[in-house]
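Student: File follows, input37.csv with CSV, N, CA and C atoms:
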```
chain,number,residue,atom,x,y,z
A,1,MET,N,52.0,119.5,107.5
A,1,MET,CA,53.0,118.5,108.0
A,1,MET,C,54.0,119.3,108.9
A,2,LYS,N,54.3,118.6,110.0
A,2,LYS,CA,55.3,119.2,110.9
A,2,LYS,C,56.6,118.5,110.7
A,3,ALA,N,57.7,119.2,110.7
A,3,ALA,CA,59.0,118.7,110.5
A,3,ALA,C,59.9,119.3,111.6
A,4,THR,N,60.6,118.4,112.3
A,4,THR,CA,61.5,118.8,113.4
A,4,THR,C,62.9,118.6,112.8
A,5,ILE,N,63.8,119.6,112.9
A,5,ILE,CA,65.2,119.5,112.5
A,5,ILE,C,66.1,119.7,113.7
A,6,TRP,N,67.0,118.8,114.0
A,6,TRP,CA,68.0,119.0,115.0
A,6,TRP,C,69.2,119.6,114.2
A,7,HIS,N,69.4,120.9,114.5
A,7,HIS,CA,70.1,121.8,113.6
A,7,HIS,C,71.3,122.4,114.3
A,8,ASN,N,72.4,122.6,113.4
A,8,ASN,CA,73.5,123.4,113.9
A,8,ASN,C,73.7,124.5,112.9
A,9,PRO,N,73.4,125.8,113.3
A,9,PRO,CA,73.4,126.9,112.4
A,9,PRO,C,74.8,127.1,111.8
A,10,LYS,N,75.9,126.6,112.3
A,10,LYS,CA,77.2,126.7,111.8
A,10,LYS,C,77.5,125.7,110.6
A,11,CYS,N,76.6,124.8,110.4
A,11,CYS,CA,76.9,123.7,109.4
A,11,CYS,C,76.1,124.1,108.1
A,12,GLY,N,76.9,124.1,107.0
A,12,GLY,CA,76.3,124.4,105.8
A,12,GLY,C,75.2,123.4,105.3
A,13,THR,N,75.4,122.1,105.5
A,13,THR,CA,74.4,121.1,105.2
A,13,THR,C,73.2,121.3,106.0
A,14,SER,N,73.3,121.6,107.2
A,14,SER,CA,72.2,121.8,108.1
A,14,SER,C,71.4,123.0,107.7
A,15,ARG,N,72.1,124.1,107.3
A,15,ARG,CA,71.4,125.3,106.8
A,15,ARG,C,70.7,125.0,105.5
A,16,LYS,N,71.3,124.3,104.6
A,16,LYS,CA,70.6,124.0,103.3
A,16,LYS,C,69.4,123.1,103.6
A,17,THR,N,69.5,122.2,104.5
A,17,THR,CA,68.4,121.3,104.8
A,17,THR,C,67.2,122.1,105.4
A,18,LEU,N,67.5,123.0,106.3
A,18,LEU,CA,66.5,123.9,106.9
A,18,LEU,C,65.9,124.8,105.8
A,19,ALA,N,66.7,125.3,104.8
A,19,ALA,CA,66.1,126.1,103.7
A,19,ALA,C,65.1,125.2,102.9
A,20,ILE,N,65.4,124.0,102.6
A,20,ILE,CA,64.5,123.1,101.9
A,20,ILE,C,63.2,123.0,102.7
A,21,LEU,N,63.3,122.8,104.0
A,21,LEU,CA,62.1,122.6,104.8
A,21,LEU,C,61.3,123.9,104.8
A,22,GLU,N,61.9,125.0,104.9
A,22,GLU,CA,61.2,126.3,105.0
A,22,GLU,C,60.6,126.7,103.7
A,23,GLU,N,61.2,126.2,102.6
A,23,GLU,CA,60.7,126.5,101.2
A,23,GLU,C,59.6,125.6,100.7
A,24,THR,N,59.4,124.5,101.5
A,24,THR,CA,58.4,123.5,101.1
A,24,THR,C,57.0,123.9,101.6
A,25,PRO,N,56.1,124.1,100.7
A,25,PRO,CA,54.7,124.5,101.1
A,25,PRO,C,54.1,123.5,102.0
A,26,GLY,N,53.4,124.0,103.1
A,26,GLY,CA,52.7,123.1,104.0
A,26,GLY,C,53.5,122.5,105.1
A,27,VAL,N,54.7,122.8,105.2
A,27,VAL,CA,55.6,122.3,106.2
A,27,VAL,C,55.8,123.3,107.3
A,28,GLU,N,55.4,122.9,108.5
A,28,GLU,CA,55.6,123.7,109.7
A,28,GLU,C,56.9,123.2,110.4
A,29,VAL,N,57.9,124.0,110.5
A,29,VAL,CA,59.3,123.6,110.9
A,29,VAL,C,59.5,124.0,112.4
A,30,GLU,N,59.9,123.0,113.1
A,30,GLU,CA,60.4,123.2,114.5
A,30,GLU,C,61.9,123.0,114.4
A,31,VAL,N,62.7,124.0,114.9
A,31,VAL,CA,64.1,124.0,114.8
A,31,VAL,C,64.6,123.8,116.2
A,32,ILE,N,65.4,122.8,116.4
A,32,ILE,CA,66.1,122.5,117.7
A,32,ILE,C,67.6,122.6,117.5
A,33,GLU,N,68.2,123.6,118.1
A,33,GLU,CA,69.6,123.6,118.1
A,33,GLU,C,70.2,122.6,119.1
A,34,TYR,N,70.5,121.4,118.5
A,34,TYR,CA,70.8,120.3,119.4
A,34,TYR,C,72.1,120.5,120.3
A,35,LEU,N,73.0,121.4,119.9
A,35,LEU,CA,74.1,121.7,120.8
A,35,LEU,C,73.7,122.4,122.1
A,36,LYS,N,72.6,123.1,122.0
A,36,LYS,CA,72.0,123.8,123.1
A,36,LYS,C,71.0,123.0,123.9
A,37,THR,N,70.2,122.2,123.1
A,37,THR,CA,69.2,121.4,123.7
A,37,THR,C,69.3,120.0,123.1
A,38,PRO,N,70.2,119.2,123.6
A,38,PRO,CA,70.5,117.9,123.1
A,38,PRO,C,69.4,116.9,123.3
A,39,PRO,N,69.1,116.0,122.3
A,39,PRO,CA,68.1,115.0,122.5
A,39,PRO,C,68.6,113.9,123.5
A,40,SER,N,67.7,113.2,124.1
A,40,SER,CA,68.1,112.2,125.0
A,40,SER,C,68.6,111.0,124.2
A,41,ALA,N,69.3,110.0,124.9
A,41,ALA,CA,69.7,108.8,124.3
A,41,ALA,C,68.5,108.1,123.7
A,42,GLU,N,67.4,108.1,124.5
A,42,GLU,CA,66.2,107.4,124.0
A,42,GLU,C,65.6,108.0,122.7
A,43,LYS,N,65.6,109.3,122.7
A,43,LYS,CA,65.1,110.0,121.5
A,43,LYS,C,66.1,109.7,120.3
A,44,LEU,N,67.4,109.8,120.5
A,44,LEU,CA,68.3,109.5,119.4
A,44,LEU,C,68.1,108.0,118.9
A,45,ALA,N,67.9,107.1,119.9
A,45,ALA,CA,67.7,105.7,119.5
A,45,ALA,C,66.5,105.6,118.6
A,46,GLN,N,65.4,106.3,118.9
A,46,GLN,CA,64.2,106.3,118.1
A,46,GLN,C,64.4,106.9,116.8
A,47,LEU,N,65.1,108.0,116.7
A,47,LEU,CA,65.4,108.7,115.4
A,47,LEU,C,66.2,107.8,114.5
A,48,TYR,N,67.2,107.2,115.0
A,48,TYR,CA,68.0,106.3,114.2
A,48,TYR,C,67.3,105.1,113.8
A,49,ARG,N,66.5,104.5,114.6
A,49,ARG,CA,65.6,103.4,114.3
A,49,ARG,C,64.7,103.8,113.2
A,50,ASP,N,64.0,104.9,113.3
A,50,ASP,CA,63.1,105.4,112.3
A,50,ASP,C,63.8,105.7,111.0
A,51,ALA,N,65.1,106.1,111.0
A,51,ALA,CA,65.8,106.4,109.8
A,51,ALA,C,66.5,105.2,109.2
A,52,GLY,N,66.4,104.1,109.9
A,52,GLY,CA,67.0,102.8,109.4
A,52,GLY,C,68.5,102.8,109.4
A,53,ILE,N,69.0,103.5,110.4
A,53,ILE,CA,70.5,103.5,110.6
A,53,ILE,C,70.8,103.1,112.0
A,54,THR,N,72.1,102.8,112.2
A,54,THR,CA,72.6,102.5,113.6
A,54,THR,C,73.1,103.8,114.3
A,55,PRO,N,73.1,103.8,115.6
A,55,PRO,CA,73.8,104.9,116.2
A,55,PRO,C,75.2,105.2,115.7
A,56,GLY,N,75.9,104.1,115.5
A,56,GLY,CA,77.3,104.3,114.9
A,56,GLY,C,77.3,105.1,113.6
A,57,GLN,N,76.3,104.8,112.8
A,57,GLN,CA,76.2,105.6,111.5
A,57,GLN,C,75.8,107.0,111.7
A,58,GLY,N,75.2,107.3,112.9
A,58,GLY,CA,74.9,108.7,113.2
A,58,GLY,C,75.9,109.4,114.0
A,59,LEU,N,77.1,108.8,114.2
A,59,LEU,CA,78.1,109.3,115.0
A,59,LEU,C,79.0,110.3,114.1
A,60,ARG,N,79.2,111.5,114.6
A,60,ARG,CA,80.1,112.4,113.9
A,60,ARG,C,81.5,112.2,114.3
A,61,LEU,N,82.3,111.9,113.2
A,61,LEU,CA,83.7,111.6,113.4
A,61,LEU,C,84.6,112.9,113.2
A,62,ARG,N,84.2,113.6,112.1
A,62,ARG,CA,85.0,114.8,111.8
A,62,ARG,C,84.9,115.8,112.8
A,63,GLY,N,86.0,116.3,113.3
A,63,GLY,CA,86.0,117.4,114.3
A,63,GLY,C,85.7,117.0,115.7
A,64,THR,N,85.7,115.7,116.0
A,64,THR,CA,85.4,115.2,117.3
A,64,THR,C,86.5,114.2,117.7
A,65,ASP,N,86.5,113.8,119.0
A,65,ASP,CA,87.4,112.8,119.4
A,65,ASP,C,86.8,111.4,119.5
A,66,ALA,N,85.8,111.2,118.7
A,66,ALA,CA,85.0,109.9,118.7
A,66,ALA,C,85.9,108.7,118.4
A,67,ALA,N,86.8,108.8,117.4
A,67,ALA,CA,87.7,107.7,117.1
A,67,ALA,C,88.7,107.4,118.2
A,68,GLU,N,89.2,108.5,118.8
A,68,GLU,CA,90.2,108.3,119.9
A,68,GLU,C,89.6,107.6,121.1
A,69,ARG,N,88.3,107.8,121.2
A,69,ARG,CA,87.5,107.2,122.4
A,69,ARG,C,87.0,105.8,122.1
A,70,GLY,N,87.2,105.4,120.8
A,70,GLY,CA,86.8,104.0,120.5
A,70,GLY,C,85.3,103.9,120.2
A,71,LEU,N,84.7,105.1,120.0
A,71,LEU,CA,83.2,105.0,119.8
A,71,LEU,C,82.8,104.3,118.5
A,72,PRO,N,83.5,104.4,117.4
A,72,PRO,CA,83.1,103.7,116.2
A,72,PRO,C,82.9,102.2,116.4
A,73,GLU,N,83.7,101.6,117.3
A,73,GLU,CA,83.6,100.2,117.6
A,73,GLU,C,82.7,99.9,118.8
A,74,ALA,N,82.2,100.9,119.5
A,74,ALA,CA,81.4,100.7,120.7
A,74,ALA,C,80.0,100.2,120.4
A,75,ASP,N,79.4,99.6,121.5
A,75,ASP,CA,78.0,99.2,121.3
A,75,ASP,C,77.1,100.4,121.2
A,76,ASP,N,75.9,100.1,120.8
A,76,ASP,CA,74.9,101.2,120.6
A,76,ASP,C,74.6,102.0,121.8
A,77,ALA,N,74.5,101.3,123.0
A,77,ALA,CA,74.2,102.0,124.2
A,77,ALA,C,75.3,103.0,124.6
A,78,THR,N,76.5,102.6,124.4
A,78,THR,CA,77.7,103.4,124.7
A,78,THR,C,77.7,104.6,123.8
A,79,VAL,N,77.4,104.4,122.5
A,79,VAL,CA,77.4,105.5,121.5
A,79,VAL,C,76.3,106.5,121.9
A,80,LEU,N,75.1,106.0,122.1
A,80,LEU,CA,74.0,106.9,122.4
A,80,LEU,C,74.2,107.7,123.7
A,81,ALA,N,74.8,107.1,124.7
A,81,ALA,CA,75.1,107.8,126.0
A,81,ALA,C,76.1,108.9,125.7
A,82,ALA,N,77.1,108.6,124.9
A,82,ALA,CA,78.2,109.6,124.6
A,82,ALA,C,77.6,110.8,123.9
A,83,MET,N,76.7,110.5,122.9
A,83,MET,CA,76.0,111.5,122.1
A,83,MET,C,75.1,112.4,123.0
A,84,ALA,N,74.4,111.8,123.9
A,84,ALA,CA,73.5,112.5,124.8
A,84,ALA,C,74.3,113.4,125.7
A,85,ALA,N,75.5,112.9,126.1
A,85,ALA,CA,76.3,113.7,127.1
A,85,ALA,C,77.1,114.8,126.3
A,86,GLU,N,77.5,114.5,125.1
A,86,GLU,CA,78.3,115.4,124.3
A,86,GLU,C,77.6,115.5,122.9
A,87,PRO,N,76.7,116.4,122.7
A,87,PRO,CA,75.9,116.5,121.4
A,87,PRO,C,76.8,116.8,120.2
A,88,ALA,N,78.0,117.3,120.4
A,88,ALA,CA,78.9,117.5,119.2
A,88,ALA,C,79.2,116.2,118.5
A,89,LEU,N,78.9,115.1,119.2
A,89,LEU,CA,79.2,113.8,118.6
A,89,LEU,C,78.0,113.3,117.6
A,90,ILE,N,77.0,114.1,117.6
A,90,ILE,CA,75.8,113.8,116.8
A,90,ILE,C,76.0,114.3,115.4
A,91,GLU,N,76.0,113.5,114.4
A,91,GLU,CA,76.1,114.0,113.0
A,91,GLU,C,74.8,114.7,112.7
A,92,ARG,N,74.9,115.7,111.9
A,92,ARG,CA,73.7,116.5,111.6
A,92,ARG,C,73.6,116.8,110.1
A,93,PRO,N,72.4,117.2,109.7
A,93,PRO,CA,71.1,117.4,110.5
A,93,PRO,C,70.3,116.2,110.5
A,94,LEU,N,69.6,116.0,111.6
A,94,LEU,CA,68.5,115.0,111.7
A,94,LEU,C,67.2,115.7,111.5
A,95,VAL,N,66.3,115.1,110.7
A,95,VAL,CA,65.0,115.6,110.5
A,95,VAL,C,64.0,114.5,110.7
A,96,GLU,N,62.9,114.9,111.4
A,96,GLU,CA,61.8,113.9,111.7
A,96,GLU,C,60.5,114.5,111.2
A,97,THR,N,59.7,113.7,110.5
A,97,THR,CA,58.3,114.1,110.1
A,97,THR,C,57.4,112.9,110.4
A,98,GLU,N,56.2,113.0,110.1
A,98,GLU,CA,55.3,111.9,110.3
A,98,GLU,C,55.6,110.7,109.4
A,99,LYS,N,56.4,111.0,108.3
A,99,LYS,CA,56.8,109.9,107.4
A,99,LYS,C,58.1,109.2,107.8
A,100,GLY,N,58.7,109.7,108.9
A,100,GLY,CA,60.0,109.0,109.3
A,100,GLY,C,61.0,110.0,109.7
A,101,ALA,N,62.2,109.5,109.8
A,101,ALA,CA,63.4,110.4,110.1
A,101,ALA,C,64.5,110.1,109.1
A,102,ARG,N,65.4,111.1,109.0
A,102,ARG,CA,66.5,110.9,108.1
A,102,ARG,C,67.7,111.7,108.7
A,103,LEU,N,68.9,111.2,108.5
A,103,LEU,CA,70.1,111.9,108.6
A,103,LEU,C,70.3,112.5,107.3
A,104,CYS,N,70.2,113.8,107.2
A,104,CYS,CA,70.1,114.5,105.8
A,104,CYS,C,71.5,114.9,105.3
A,105,ARG,N,72.3,113.9,105.1
A,105,ARG,CA,73.6,114.1,104.4
A,105,ARG,C,73.6,113.2,103.2
A,106,PRO,N,73.5,113.7,102.0
A,106,PRO,CA,73.3,115.1,101.6
A,106,PRO,C,71.9,115.6,102.0
A,107,GLN,N,71.8,116.9,101.9
A,107,GLN,CA,70.5,117.6,102.3
A,107,GLN,C,69.3,117.1,101.5
A,108,GLU,N,69.5,116.6,100.3
A,108,GLU,CA,68.4,116.2,99.5
A,108,GLU,C,67.7,115.0,100.1
A,109,LYS,N,68.3,114.3,101.0
A,109,LYS,CA,67.6,113.1,101.7
A,109,LYS,C,66.4,113.5,102.4
A,110,VAL,N,66.2,114.8,102.7
A,110,VAL,CA,65.0,115.3,103.4
A,110,VAL,C,63.8,115.1,102.6
A,111,HIS,N,63.9,115.1,101.3
A,111,HIS,CA,62.8,114.9,100.4
A,111,HIS,C,62.1,113.5,100.6
A,112,GLU,N,62.9,112.6,101.1
A,112,GLU,CA,62.3,111.2,101.3
A,112,GLU,C,61.2,111.2,102.3
A,113,ILE,N,61.2,112.2,103.2
A,113,ILE,CA,60.2,112.2,104.3
A,113,ILE,C,59.3,113.4,104.2
A,114,LEU,N,59.3,114.0,103.1
A,114,LEU,CA,58.3,115.2,102.9
A,114,LEU,C,57.1,114.8,102.1
```
Now that the file is in, can you turn its structure into structure tokens?

Tutor:
Amino acid sequence: MKATIWHNPKCGTSRKTLAILEETPGVEVEVIEYLKTPPSAEKLAQLYRDAGITPGQGLRLRGTDAAERGLPEADDATVLAAMAAEPALIERPLVETEKGARLCRPQEKVHEIL
């Protein structure tokens, strides 16, 4: 099984999720450092749809200016465009497998798609 993780190596939860993926037999892991290679608004929309959450639920508030910019109340297209332009606004880690996608907070959520 292939698993893709949108990863921030400075984030403890992201590192723990990556460790779970790497320690799971039969999982081939693709690591994308999303701050360097951000997903498009379309890819983010697909990931959130597959995870069963809204773009607003995938918005990182802590350590960002999202609230000051009114993003928590903004429409999905506005949130997705802001995330694609400024990937620090993306809550992490996001993981995608053939079984779906999850925002892995807490990291144990990754088991739902393995």

Student: So what do you get for CA of Glu91 in chain A versus CA of Ser14 in chain A, distance-wise?

Tutor: 10.0 Å

Student: For Ile32 in chain A, find every residue with an atom within 9 Å (counting only C-alpha atoms), except residues of its own chain fewer than 5 positions away, and show them as a list in words.

Tutor: Thr4, Ile5, Trp6, His7, Asn8, Thr37 and Pro38 of chain A

Student: If we draw a sphere of 5 Å around (56.4, 122.4, 112.6), which residues have at least one atom in it when counting all atoms listed in the file? Please report them as a VMD selection string.

Tutor: chain A and resid 2 to 3 28 to 30

Student: Could you jot down the CA of Tyr34 in chain A to CA of Thr64 in chain A separation for me, Å, one decimal place?

Tutor: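 Pair CA of Tyr34 in chain A / CA of Thr64 in chain A returns 15.6 Å.
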
Student: DSSP on the backbone, then: every residue of range 7-42 of chain A marked strand (DSSP E), written as a PyMOL selection string.

Tutor: chain A and resi 7+28-33

Student: Write out, as a short mmCIF file (atom, residue, chain, number, x, y, z; two decimals), in the frame of the given file, the residues just selected, with N, CA and C atoms.

Tutor:
```
data_model
loop_
_atom_site.label_atom_id
_atom_site.label_comp_id
_atom_site.auth_asym_id
_atom_site.auth_seq_id
_atom_site.Cartn_x
_atom_site.Cartn_y
_atom_site.Cartn_z
N HIS A 7 69.40 120.90 114.50
CA HIS A 7 70.10 121.80 113.60
C HIS A 7 71.30 122.40 114.30
N GLU A 28 55.40 122.90 108.50
CA GLU A 28 55.60 123.70 109.70
C GLU A 28 56.90 123.20 110.40
N VAL A 29 57.90 124.00 110.50
CA VAL A 29 59.30 123.60 110.90
C VAL A 29 59.50 124.00 112.40
N GLU A 30 59.90 123.00 113.10
CA GLU A 30 60.40 123.20 114.50
C GLU A 30 61.90 123.00 114.40
N VAL A 31 62.70 124.00 114.90
CA VAL A 31 64.10 124.00 114.80
C VAL A 31 64.60 123.80 116.20
N ILE A 32 65.40 122.80 116.40
CA ILE A 32 66.10 122.50 117.70
C ILE A 32 67.60 122.60 117.50
N GLU A 33 68.20 123.60 118.10
CA GLU A 33 69.60 123.60 118.10
C GLU A 33 70.20 122.60 119.10
#
```

Student: What does the structure give for the distance between atom N of Glu108 in chain A and atom C of Thr13 in chain A, in Å to one decimal?

Tutor: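 A separation of 8.3 Å between them.
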
Student: Set the distance at 12 Å and use only C-alpha atoms: which residues neighbour Glu73 in chain A once local chain neighbours fewer than 5 positions away are removed? I'd like the list as number ranges by chain.

Tutor: A: 54-57, 59, 66-68, 78-79

Student: Do a neighbour search on Leu80 in chain A at 7 Å with only N, CA and C atoms, toss out local chain neighbours closer than 4 positions, and write the hits as a ChimeraX atom specification.

Tutor: /A:40-42,44-45,55-56,75-76,84-85

Student: Would you list the contacts of Arg102 in chain A as a PyMOL selection string, taking every protein, DNA or RNA residue within 5 Å and counting only N, CA and C atoms, but skipping same-chain residues closer than 6 positions in sequence?

Tutor: chain A and resi 51+94-95

Student: For the residues in the current selection, export N, CA and C atoms as a PDB file, in the frame of the given file.

Tutor:
```pdb
ATOM      1  N   ALA A  51      65.100 106.100 111.000  1.00  0.00           N
ATOM      2  CA  ALA A  51      65.800 106.400 109.800  1.00  0.00           C
ATOM      3  C   ALA A  51      66.500 105.200 109.200  1.00  0.00           C
ATOM      4  N   LEU A  94      69.600 116.000 111.600  1.00  0.00           N
ATOM      5  CA  LEU A  94      68.500 115.000 111.700  1.00  0.00           C
ATOM      6  C   LEU A  94      67.200 115.700 111.500  1.00  0.00           C
ATOM      7  N   VAL A  95      66.300 115.100 110.700  1.00  0.00           N
ATOM      8  CA  VAL A  95      65.000 115.600 110.500  1.00  0.00           C
ATOM      9  C   VAL A  95      64.000 114.500 110.700  1.00  0.00           C
TER      10      VAL A  95
END
```

Student: Could you check which residues have any atom within 6.5 Å of (73.5, 117.7, 104.5), counting only N, CA and C atoms with coordinates taken straight from the file, and then list them as a PDB file with N, CA and C atoms, keeping the file's coordinate frame?

Tutor:
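To be explicit, this is the file written out as point_39.pdb:
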```
ATOM      1  N   GLY A  12      76.900 124.100 107.000  1.00  0.00           N
ATOM      2  CA  GLY A  12      76.300 124.400 105.800  1.00  0.00           C
ATOM      3  C   GLY A  12      75.200 123.400 105.300  1.00  0.00           C
ATOM      4  N   THR A  13      75.400 122.100 105.500  1.00  0.00           N
ATOM      5  CA  THR A  13      74.400 121.100 105.200  1.00  0.00           C
ATOM      6  C   THR A  13      73.200 121.300 106.000  1.00  0.00           C
ATOM      7  N   SER A  14      73.300 121.600 107.200  1.00  0.00           N
ATOM      8  CA  SER A  14      72.200 121.800 108.100  1.00  0.00           C
ATOM      9  C   SER A  14      71.400 123.000 107.700  1.00  0.00           C
ATOM     10  N   THR A  17      69.500 122.200 104.500  1.00  0.00           N
ATOM     11  CA  THR A  17      68.400 121.300 104.800  1.00  0.00           C
ATOM     12  C   THR A  17      67.200 122.100 105.400  1.00  0.00           C
ATOM     13  N   ARG A  92      74.900 115.700 111.900  1.00  0.00           N
ATOM     14  CA  ARG A  92      73.700 116.500 111.600  1.00  0.00           C
ATOM     15  C   ARG A  92      73.600 116.800 110.100  1.00  0.00           C
ATOM     16  N   PRO A  93      72.400 117.200 109.700  1.00  0.00           N
ATOM     17  CA  PRO A  93      71.100 117.400 110.500  1.00  0.00           C
ATOM     18  C   PRO A  93      70.300 116.200 110.500  1.00  0.00           C
ATOM     19  N   CYS A 104      70.200 113.800 107.200  1.00  0.00           N
ATOM     20  CA  CYS A 104      70.100 114.500 105.800  1.00  0.00           C
ATOM     21  C   CYS A 104      71.500 114.900 105.300  1.00  0.00           C
ATOM     22  N   ARG A 105      72.300 113.900 105.100  1.00  0.00           N
ATOM     23  CA  ARG A 105      73.600 114.100 104.400  1.00  0.00           C
ATOM     24  C   ARG A 105      73.600 113.200 103.200  1.00  0.00           C
ATOM     25  N   PRO A 106      73.500 113.700 102.000  1.00  0.00           N
ATOM     26  CA  PRO A 106      73.300 115.100 101.600  1.00  0.00           C
ATOM     27  C   PRO A 106      71.900 115.600 102.000  1.00  0.00           C
ATOM     28  N   GLN A 107      71.800 116.900 101.900  1.00  0.00           N
ATOM     29  CA  GLN A 107      70.500 117.600 102.300  1.00  0.00           C
ATOM     30  C   GLN A 107      69.300 117.100 101.500  1.00  0.00           C
ATOM     31  N   GLU A 108      69.500 116.600 100.300  1.00  0.00           N
ATOM     32  CA  GLU A 108      68.400 116.200  99.500  1.00  0.00           C
ATOM     33  C   GLU A 108      67.700 115.000 100.100  1.00  0.00           C
TER      34      GLU A 108
END
```

Student: Would you mind writing down, as a PyMOL selection string, each residue of chain A that DSSP on the backbone assigns to helix (DSSP H, G or I)?

Tutor: chain A and resi 12-23+41-51+55-58+71-73+76-85+87-89+107-113
